[in-house]
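*Asks:* Please find target_19.txt (compact mmCIF, C-alpha atoms) on the next line:
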# COMPACT_ATOMS: atom_id res chain seq x y z
CA MET A 48 3.62 -16.83 11.99
CA THR A 49 4.68 -19.48 9.50
CA ASP A 50 5.05 -18.64 5.83
CA SER A 51 1.80 -20.51 5.09
CA ALA A 52 0.05 -18.05 7.40
CA ARG A 53 1.26 -15.07 5.33
CA PRO A 54 -1.25 -15.24 2.44
CA PHE A 55 -0.52 -11.68 1.26
CA GLU A 56 3.25 -11.99 1.09
CA GLY A 57 4.74 -9.53 -1.38
CA LEU A 58 1.67 -7.28 -1.65
CA THR A 59 1.63 -3.60 -0.73
CA LEU A 60 -1.34 -2.39 1.29
CA ALA A 61 -2.12 1.33 1.40
CA VAL A 62 -4.26 2.30 4.39
CA ALA A 63 -6.35 5.46 4.11
CA ALA A 64 -8.80 6.84 6.67
CA PRO A 65 -11.63 8.61 4.82
CA SER A 66 -13.95 8.55 7.83
CA ARG A 67 -13.20 8.41 11.54
CA GLN A 68 -10.14 7.84 13.67
CA TRP A 69 -9.84 5.22 16.42
CA VAL A 70 -10.29 7.11 19.67
CA THR A 71 -10.28 6.15 23.34
CA ASN A 72 -13.19 6.74 25.70
CA GLU A 73 -11.30 9.68 27.13
CA GLY A 74 -10.63 11.21 23.73
CA GLY A 75 -7.48 11.12 21.64
CA ILE A 76 -6.14 8.49 19.29
CA ASP A 77 -6.17 4.90 20.46
CA TRP A 78 -2.50 4.25 19.70
CA ALA A 79 -2.57 0.74 21.18
CA LEU A 80 -5.35 -0.39 18.84
CA ARG A 81 -3.61 1.33 15.96
CA ARG A 82 -0.37 -0.58 16.60
CA ARG A 83 -2.21 -3.90 16.89
CA ALA A 84 -4.11 -3.39 13.62
CA PHE A 85 -1.14 -2.28 11.54
CA SER A 86 1.04 -5.03 13.00
CA ALA A 87 -1.65 -7.59 12.15
CA ALA A 88 -1.60 -6.51 8.50
CA GLU A 89 2.18 -6.86 8.40
CA ALA A 90 1.97 -10.30 10.02
CA LEU A 91 -0.24 -11.45 7.14
CA GLY A 92 2.52 -10.55 4.70
CA PHE A 93 1.48 -7.06 3.61
CA ARG A 94 3.96 -4.24 3.17
CA VAL A 95 1.95 -1.39 4.71
CA ARG A 96 1.86 2.21 3.54
CA GLU A 97 0.16 4.62 5.94
CA LEU A 98 -1.48 7.85 4.78
CA GLU A 99 -1.33 11.07 6.78
CA GLY A 100 -4.85 10.95 8.17
CA THR A 101 -4.19 7.66 9.92
CA TYR A 102 -2.11 9.70 12.39
CA LEU A 103 -4.60 12.57 12.84
CA GLU A 104 -7.72 13.19 14.92
CA GLU A 105 -10.12 16.11 14.68
CA ALA A 106 -13.55 15.79 16.33
CA ARG A 107 -13.26 12.01 15.89
CA PHE A 108 -12.45 12.36 12.16
CA ALA A 109 -9.09 11.13 10.86
CA GLY A 110 -7.99 14.68 10.19
CA PRO A 111 -9.62 17.53 8.26
CA ASP A 112 -11.88 16.77 5.30
CA ALA A 113 -9.27 18.01 2.80
CA VAL A 114 -6.62 15.70 4.25
CA ARG A 115 -8.90 12.67 4.15
CA ALA A 116 -9.96 13.42 0.56
CA GLY A 117 -6.35 13.92 -0.50
CA ASP A 118 -5.24 10.72 1.22
CA LEU A 119 -7.90 8.63 -0.51
CA THR A 120 -7.11 10.07 -3.93
CA CYS A 121 -3.37 9.62 -3.34
CA ALA A 122 -3.75 6.02 -2.17
CA LEU A 123 -5.76 5.07 -5.24
CA THR A 124 -3.81 7.02 -7.86
CA GLU A 125 -0.25 7.73 -6.74
CA LEU A 126 1.02 4.95 -4.52
CA ASP A 127 2.32 1.74 -6.05
CA ALA A 128 -0.08 -0.37 -4.00
CA ASP A 129 -1.80 -3.67 -4.66
CA LEU A 130 -4.76 -2.82 -2.41
CA VAL A 131 -6.22 0.24 -0.70
CA MET A 132 -8.08 -0.49 2.54
CA ALA A 133 -10.15 1.86 4.69
CA MET A 134 -8.74 2.01 8.20
CA ARG A 135 -12.28 2.09 9.65
CA GLY A 136 -15.79 3.35 9.01
CA GLY A 137 -17.84 5.48 11.40
CA TYR A 138 -18.82 8.73 9.75
CA GLY A 139 -17.28 11.27 7.42
CA CYS A 140 -16.95 9.76 3.96
CA GLY A 141 -20.01 11.57 2.61
CA ARG A 142 -18.41 14.90 3.54
CA ILE A 143 -15.57 14.43 1.06
CA LEU A 144 -17.31 13.03 -2.04
CA ASP A 145 -17.32 16.36 -3.86
CA MET A 146 -13.64 16.91 -2.96
CA LEU A 147 -12.33 13.79 -4.70
CA ASP A 148 -10.58 13.79 -8.08
CA TRP A 149 -12.97 11.44 -9.83
CA GLU A 150 -11.23 11.63 -13.20
CA ARG A 151 -7.95 10.40 -11.73
CA ILE A 152 -9.64 7.84 -9.50
CA GLY A 153 -11.65 6.50 -12.43
CA ALA A 154 -8.47 5.99 -14.46
CA ALA A 155 -6.77 4.05 -11.65
CA SER A 156 -7.02 0.30 -11.16
CA THR A 157 -5.93 -0.39 -7.57
CA PRO A 158 -8.70 -2.30 -5.77
CA PHE A 159 -10.38 -0.69 -2.78
CA VAL A 160 -11.96 -2.49 0.17
CA GLY A 161 -13.92 -1.34 3.21
CA PHE A 162 -17.47 -1.24 4.51
CA SER A 163 -19.93 0.68 6.67
CA ASP A 164 -19.51 4.45 6.17
CA VAL A 165 -17.27 4.00 3.12
CA THR A 166 -20.31 2.61 1.29
CA ALA A 167 -20.84 6.25 0.32
CA PHE A 168 -17.52 6.29 -1.53
CA GLU A 169 -17.98 2.90 -3.14
CA LEU A 170 -21.43 3.71 -4.53
CA ALA A 171 -20.20 7.10 -5.72
CA LEU A 172 -17.26 5.36 -7.38
CA LEU A 173 -19.65 3.08 -9.26
CA ALA A 174 -21.94 5.97 -10.18
CA ARG A 175 -19.20 8.31 -11.39
CA THR A 176 -16.69 5.92 -12.97
CA GLY A 177 -18.27 2.46 -13.34
CA ARG A 178 -15.36 0.99 -11.37
CA THR A 179 -15.80 -2.10 -9.24
CA SER A 180 -14.75 -1.95 -5.58
CA TRP A 181 -15.17 -4.31 -2.65
CA GLN A 182 -17.17 -4.34 0.54
CA GLY A 183 -15.04 -6.26 3.00
CA PRO A 184 -12.76 -5.91 5.99
CA THR A 185 -11.32 -2.73 7.40
CA LEU A 186 -7.98 -2.82 9.16
CA ARG A 187 -9.24 -3.93 12.58
CA ASP A 188 -10.69 -7.10 11.03
CA LEU A 189 -7.12 -8.25 10.34
CA ILE A 190 -6.47 -8.70 14.08
CA ASP A 191 -6.83 -12.47 14.64
CA PRO A 192 -8.74 -12.75 11.35
CA ASP A 193 -11.31 -15.43 10.66
CA PRO A 194 -10.46 -17.75 7.74
CA LEU A 195 -13.58 -16.54 5.90
CA THR A 196 -12.29 -12.97 6.11
CA ILE A 197 -8.94 -14.06 4.64
CA GLU A 198 -10.64 -16.04 1.85
CA GLY A 199 -12.67 -13.01 0.90
CA LEU A 200 -9.66 -10.72 0.90
CA LEU A 201 -7.79 -13.15 -1.35
CA ALA A 202 -10.58 -12.66 -3.89
CA VAL A 203 -10.18 -8.89 -3.59
CA VAL A 204 -6.49 -9.07 -4.55
CA GLY A 205 -7.14 -11.60 -7.31
CA ARG A 206 -5.59 -14.65 -5.68
CA ARG A 207 -8.83 -16.64 -5.82
CA PRO A 208 -12.12 -16.27 -7.74
CA PHE A 209 -15.10 -14.67 -6.06
CA ALA A 210 -17.51 -17.41 -4.95
CA SER A 211 -19.33 -18.13 -1.70
CA THR A 212 -22.01 -20.40 -0.31
CA TRP A 213 -24.02 -20.34 2.91
CA GLN A 214 -27.09 -21.86 4.54
CA SER A 215 -30.19 -19.97 5.67
CA ASP A 216 -33.39 -21.38 7.16
CA ASP A 217 -35.66 -18.47 6.23
CA THR A 218 -34.41 -17.43 2.82
CA ASP A 219 -36.48 -17.09 -0.34
CA ASP A 220 -35.76 -19.11 -3.46
CA ALA A 221 -34.06 -17.10 -6.18
CA ASP A 222 -32.13 -17.39 -9.43
CA ALA A 223 -30.67 -14.17 -10.75
CA GLU A 224 -27.74 -12.83 -12.70
CA GLY A 225 -26.87 -9.15 -12.60
CA VAL A 226 -24.66 -6.45 -11.14
CA LEU A 227 -24.09 -6.87 -7.40
CA TRP A 228 -24.11 -3.63 -5.46
CA GLY A 229 -24.99 -2.25 -2.04
CA GLY A 230 -23.44 -2.07 1.41
CA ASN A 231 -24.55 -0.25 4.52
CA LEU A 232 -28.30 0.36 4.31
CA ALA A 233 -28.24 3.74 6.07
CA MET A 234 -25.62 4.99 3.62
CA ILE A 235 -27.47 3.61 0.60
CA ALA A 236 -30.70 5.32 1.65
CA SER A 237 -28.85 8.58 2.35
CA LEU A 238 -27.72 8.74 -1.30
CA ALA A 239 -31.22 8.37 -2.79
CA GLY A 240 -31.93 11.29 -5.09
CA THR A 241 -28.28 12.38 -5.25
CA PRO A 242 -25.79 12.11 -8.13
CA TRP A 243 -23.78 9.67 -6.02
CA MET A 244 -26.41 6.91 -6.30
CA PRO A 245 -25.57 4.44 -9.09
CA GLN A 246 -28.37 3.67 -11.55
CA VAL A 247 -28.33 -0.13 -11.49
CA GLU A 248 -30.96 -1.90 -13.56
CA ASN A 249 -31.86 -5.58 -12.94
CA GLY A 250 -29.19 -5.74 -10.27
CA ILE A 251 -28.79 -7.66 -7.04
CA LEU A 252 -28.77 -5.38 -3.99
CA PHE A 253 -27.10 -6.42 -0.74
CA ILE A 254 -27.67 -4.67 2.57
CA GLU A 255 -26.15 -4.67 6.06
CA ASP A 256 -26.34 -2.41 9.10
CA VAL A 257 -25.79 -2.31 12.84
CA ALA A 258 -27.90 -1.05 15.76
CA GLU A 259 -30.73 0.08 13.48
CA PRO A 260 -34.14 -0.97 14.87
CA ALA A 261 -36.38 -3.02 12.62
CA TYR A 262 -38.74 -0.10 11.95
CA ARG A 263 -35.85 2.04 10.71
CA ILE A 264 -34.68 -0.77 8.44
CA GLU A 265 -38.17 -0.98 6.98
CA ARG A 266 -38.28 2.81 6.60
CA MET A 267 -35.00 2.87 4.69
CA LEU A 268 -36.14 0.04 2.42
CA LEU A 269 -39.38 1.94 1.83
CA THR A 270 -37.33 4.99 0.87
CA LEU A 271 -35.47 2.94 -1.73
CA ASP A 272 -38.74 1.51 -3.02
CA MET A 273 -40.54 4.86 -3.21
CA ALA A 274 -37.49 6.32 -4.98
CA GLY A 275 -37.93 3.69 -7.70
CA ILE A 276 -34.68 1.93 -6.85
CA LEU A 277 -35.74 -1.31 -5.18
CA ARG A 278 -38.08 -2.63 -7.84
CA ARG A 279 -35.44 -2.15 -10.51
CA GLN A 280 -33.54 -4.99 -8.82
CA GLN A 281 -33.97 -8.75 -9.19
CA ALA A 282 -33.27 -9.69 -5.58
CA VAL A 283 -32.14 -8.35 -2.21
CA VAL A 284 -29.39 -10.17 -0.32
CA VAL A 285 -29.82 -9.55 3.40
CA CYS A 286 -26.55 -9.59 5.31
CA ASP A 287 -26.07 -9.05 9.04
CA LEU A 288 -28.48 -6.57 10.64
CA GLN A 289 -27.47 -7.08 14.26
CA GLY A 290 -29.41 -5.17 16.85
CA ALA A 291 -32.55 -4.84 14.75
CA ASP A 292 -34.71 -6.68 17.30
CA ARG A 293 -33.07 -5.24 20.43
CA PRO A 294 -35.85 -2.65 21.01
CA ALA A 295 -38.61 -5.27 20.80
CA GLY A 296 -40.28 -5.20 24.22
CA TRP A 297 -42.81 -8.04 24.18
CA GLU A 298 -44.01 -11.05 22.24
CA GLY A 299 -45.64 -9.83 19.05
CA ASP A 300 -43.74 -6.51 19.04
CA PHE A 301 -42.41 -5.31 15.66
CA ARG A 302 -39.30 -7.22 14.61
CA LEU A 303 -37.00 -7.57 11.63
CA SER A 304 -38.98 -10.55 10.34
CA HIS A 305 -42.07 -8.32 10.12
CA ALA A 306 -40.16 -5.69 8.17
CA LEU A 307 -38.74 -8.18 5.67
CA ASP A 308 -42.10 -9.92 5.22
CA PHE A 309 -43.74 -6.56 4.54
CA MET A 310 -41.12 -5.62 1.95
CA ARG A 311 -41.37 -9.03 0.29
CA ALA A 312 -45.13 -8.61 -0.06
CA ARG A 313 -44.86 -4.99 -1.20
CA THR A 314 -42.18 -5.48 -3.86
CA GLY A 315 -42.55 -9.10 -4.91
CA LEU A 316 -38.77 -9.44 -4.69
CA PRO A 317 -36.98 -12.43 -3.17
CA PHE A 318 -35.11 -11.53 0.01
CA VAL A 319 -32.16 -13.91 0.34
CA THR A 320 -31.05 -13.96 3.96
CA GLY A 321 -28.10 -15.20 5.97
CA CYS A 322 -25.19 -13.69 4.05
CA PRO A 323 -22.19 -13.57 6.43
CA PHE A 324 -21.21 -9.96 5.90
CA GLY A 325 -21.55 -6.77 7.88
CA HIS A 326 -20.42 -5.52 11.28
CA LEU A 327 -19.04 -8.96 12.08
CA HIS A 328 -15.45 -10.06 12.62
CA ARG A 329 -16.11 -13.05 10.34
CA LYS A 330 -17.12 -11.66 6.97
CA LEU A 331 -17.16 -12.23 3.25
CA SER A 332 -15.86 -9.67 0.79
CA LEU A 333 -18.52 -8.69 -1.73
CA PRO A 334 -17.84 -6.91 -5.04
CA VAL A 335 -19.68 -3.66 -5.75
CA GLY A 336 -20.25 -3.39 -9.48
CA MET A 337 -19.37 -6.95 -10.56
CA ARG A 338 -21.77 -9.10 -12.54
CA VAL A 339 -22.63 -12.14 -10.41
CA ARG A 340 -24.89 -15.17 -10.33
CA LEU A 341 -27.15 -15.75 -7.32
CA SER A 342 -28.87 -19.07 -6.59
CA SER A 343 -31.00 -19.84 -3.53
CA HIS A 344 -32.89 -23.11 -3.14
CA GLU A 345 -34.01 -25.11 -0.10
CA GLY A 346 -31.91 -22.99 2.21
CA ARG A 347 -28.64 -23.30 0.29
CA VAL A 348 -27.36 -20.07 -1.23
CA SER A 349 -24.51 -19.55 -3.68
CA LEU A 350 -23.13 -16.26 -4.97
CA GLU A 351 -20.34 -16.19 -7.53
CA ALA A 352 -18.86 -14.17 -10.34
CA ALA A 353 -20.86 -14.63 -13.54
CA PRO A 354 -19.01 -16.34 -16.37
Do you think you could lay out the structure here as structure tokens?

*Replies:*
Amino acid sequence: MTDSARPFEGLTLAVAAPSRQWVTNEGGIDWALRRRAFSAAEALGFRVRELEGTYLEEARFAGPDAVRAGDLTCALTELDADLVMAMRGGYGCGRILDMLDWERIGAASTPFVGFSDVTAFELALLARTGRTSWQGPTLRDLIDPDPLTIEGLLAVVGRRPFASTWQSDDTDDADAEGVLWGGNLAMIASLAGTPWMPQVENGILFIEDVAEPAYRIERMLLTLDMAGILRRQQAVVVCDLQGADRPAGWEGDFRLSHALDFMRARTGLPFVTGCPFGHLHRKLSLPVGMRVRLSSHEGRVSLEAAP
């Protein structure tokens, strides 16, 4: 790579694995994928620090719960890192929330980025400490990264301001300013009624998920509405929900468009669609807990840090 292709030169990246390990179809750690992902981070200019759990596998988890909790706390509070990134999502972050040292984590300032299962940690972080974190790439996304992914990560480390625009043919009009929060819809819904759910008033909620049928997406949104969470927001930003229409068997069968139309009518909220984030290789990074400004008119959407 040329120097111009090393946008994170001089930065230290700590990689923790609070959820699952990369495993092969036969079981055991996928060492080849691991080498590719860590090498990709180094090729972008990062100095990489690897936590213990990134080398461990136990029933698909990246080591025992106590190790994963200790690694995450250590990465955020003890290492001299410029960024902490989740190695991957999967499942397991919710198991360690009550094992984390929230006082120490709340006093730290190292930015954290990840998505999917680590939504549980990021929402708990906002609820318990008020700290902002980032929904964005995990380590595998750094293999042959898309320019949009790099642009987003530059905002995470403070090398560019947070701002993004996109086009969407079926989005609602909206103008809102408030705290942006959200992430994986299944994880958000799973925290309803728990102390790990942040109490965001007049916020802007963003959602993404993968392989969840449209009826399940509607059911999770209904859960958030019946819990009194959804209608305390000003807008919902709909990111990638790939696979939602896969179970549809015939013309007129229930699809994602039906679910979103129902929730629009039920809540009166604008649903702003088309945000390029989620289980995609090409993704934005979105702040969780930052005050932002959202504008959506005639299919053009902008989302940026509020002044």

*Asks:* Pick from A:Gly240, A:Gly296, A:Gly336, A:Gly141: nearest to Phe253 of chain A, with all atoms listed in the file counted?

*Replies:*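 That would be A:Gly336, the residue with the smallest distance to Phe253 of chain A.
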
*Asks:* Would you mind telling me which residue in A:Ser304, A:Thr176, A:Gln182, A:Thr218 lies nearest to Val203 of chain A when using only C-alpha atoms?

*Replies:*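 Looking only at the distances to Val203 of chain A, the closest residue turns out to be A:Gln182.
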
*Asks:* What's around Glu248 of chain A at 9 Å? Count only C-alpha atoms, leave out sequence neighbours fewer than 5 positions away in its own chain, and write the answer as a PyMOL selection string.

*Replies:* chain A and resi 225-226+276+279-281

*Asks:* Taking the point (-14.4, 1.5, 1.8) as given in the file, collect each protein or nucleic acid residue that comes within 9 Å of it, counting only C-alpha atoms, and present the set as a PDB file with C-alpha atoms, in the coordinates of the input.

*Replies:*
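Resulting contents of selection.pdb:
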ATOM      1  CA  PRO A  65     -11.630   8.610   4.820  1.00  0.00           C
ATOM      2  CA  VAL A 131      -6.220   0.240  -0.700  1.00  0.00           C
ATOM      3  CA  MET A 132      -8.080  -0.490   2.540  1.00  0.00           C
ATOM      4  CA  ALA A 133     -10.150   1.860   4.690  1.00  0.00           C
ATOM      5  CA  MET A 134      -8.740   2.010   8.200  1.00  0.00           C
ATOM      6  CA  ARG A 135     -12.280   2.090   9.650  1.00  0.00           C
ATOM      7  CA  GLY A 136     -15.790   3.350   9.010  1.00  0.00           C
ATOM      8  CA  CYS A 140     -16.950   9.760   3.960  1.00  0.00           C
ATOM      9  CA  PHE A 159     -10.380  -0.690  -2.780  1.00  0.00           C
ATOM     10  CA  VAL A 160     -11.960  -2.490   0.170  1.00  0.00           C
ATOM     11  CA  GLY A 161     -13.920  -1.340   3.210  1.00  0.00           C
ATOM     12  CA  PHE A 162     -17.470  -1.240   4.510  1.00  0.00           C
ATOM     13  CA  SER A 163     -19.930   0.680   6.670  1.00  0.00           C
ATOM     14  CA  ASP A 164     -19.510   4.450   6.170  1.00  0.00           C
ATOM     15  CA  VAL A 165     -17.270   4.000   3.120  1.00  0.00           C
ATOM     16  CA  THR A 166     -20.310   2.610   1.290  1.00  0.00           C
ATOM     17  CA  ALA A 167     -20.840   6.250   0.320  1.00  0.00           C
ATOM     18  CA  PHE A 168     -17.520   6.290  -1.530  1.00  0.00           C
ATOM     19  CA  GLU A 169     -17.980   2.900  -3.140  1.00  0.00           C
ATOM     20  CA  SER A 180     -14.750  -1.950  -5.580  1.00  0.00           C
ATOM     21  CA  TRP A 181     -15.170  -4.310  -2.650  1.00  0.00           C
ATOM     22  CA  GLN A 182     -17.170  -4.340   0.540  1.00  0.00           C
ATOM     23  CA  GLY A 183     -15.040  -6.260   3.000  1.00  0.00           C
ATOM     24  CA  PRO A 184     -12.760  -5.910   5.990  1.00  0.00           C
ATOM     25  CA  THR A 185     -11.320  -2.730   7.400  1.00  0.00           C
TER      26      THR A 185
END

*Asks:* Just how far from atom CA of Leu277 of chain A is atom CA of Thr241 of chain A, in Å to one decimal?

*Replies:*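 Computed distance, atom CA of Thr241 of chain A to atom CA of Leu277 of chain A, equals 15.6 Å.
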
*Asks:* Could you list, as a ChimeraX atom specification, every residue within 9 Å of Arg115 of chain A, counting only C-alpha atoms and ignoring same-chain residues fewer than 3 positions away?

*Replies:* /A:63-66,98-101,108-112,118-120,140,143

*Asks:* Which residue, A:Thr59, A:Gln68, A:Thr124, A:Gln214, has the smallest gap to Ser342 of chain A when you use all atoms listed in the file?

*Replies:* A:Gln214

*Asks:* In Å, rounded to a single decimal, give me how far atom CA of Pro260 of chain A is from atom CA of Ser349 of chain A.

*Replies:* 28.0 Å

*Asks:* Do you have the atom CA of Arg67 of chain A-atom CA of Glu259 of chain A distance handy?

*Replies:*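 These two atoms are separated by 19.5 Å.
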
*Asks:* May I ask which of the residues A:Cys121, A:Leu252, A:Arg313, A:Leu58 is the closest one to Met273 of chain A, counting only C-alpha atoms?

*Replies:*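 Using only C-alpha atoms, Met273 of chain A sits closest to A:Arg313.
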
*Asks:* From the set A:Ile76, A:Leu186, A:Val335, A:Ala155, which residue has the shortest atom-to-atom contact distance to Glu125 of chain A, counting only C-alpha atoms?

*Replies:*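 The shortest atom-to-atom distance to Glu125 of chain A comes from A:Ala155.
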
*Asks:* Please provide as a ChimeraX atom specification all residues within 6 Å of His344 of chain A, with the sequence filter that same-chain residues fewer than 2 positions apart are discarded (counting only C-alpha atoms).

*Replies:* /A:220,346-347

*Asks:* Can I get the selection written as a PDB file, in the coordinates of the input, with C-alpha atoms?

*Replies:*
ATOM      1  CA  ASP A 220     -35.760 -19.110  -3.460  1.00  0.00           C
ATOM      2  CA  GLY A 346     -31.910 -22.990   2.210  1.00  0.00           C
ATOM      3  CA  ARG A 347     -28.640 -23.300   0.290  1.00  0.00           C
TER       4      ARG A 347
END
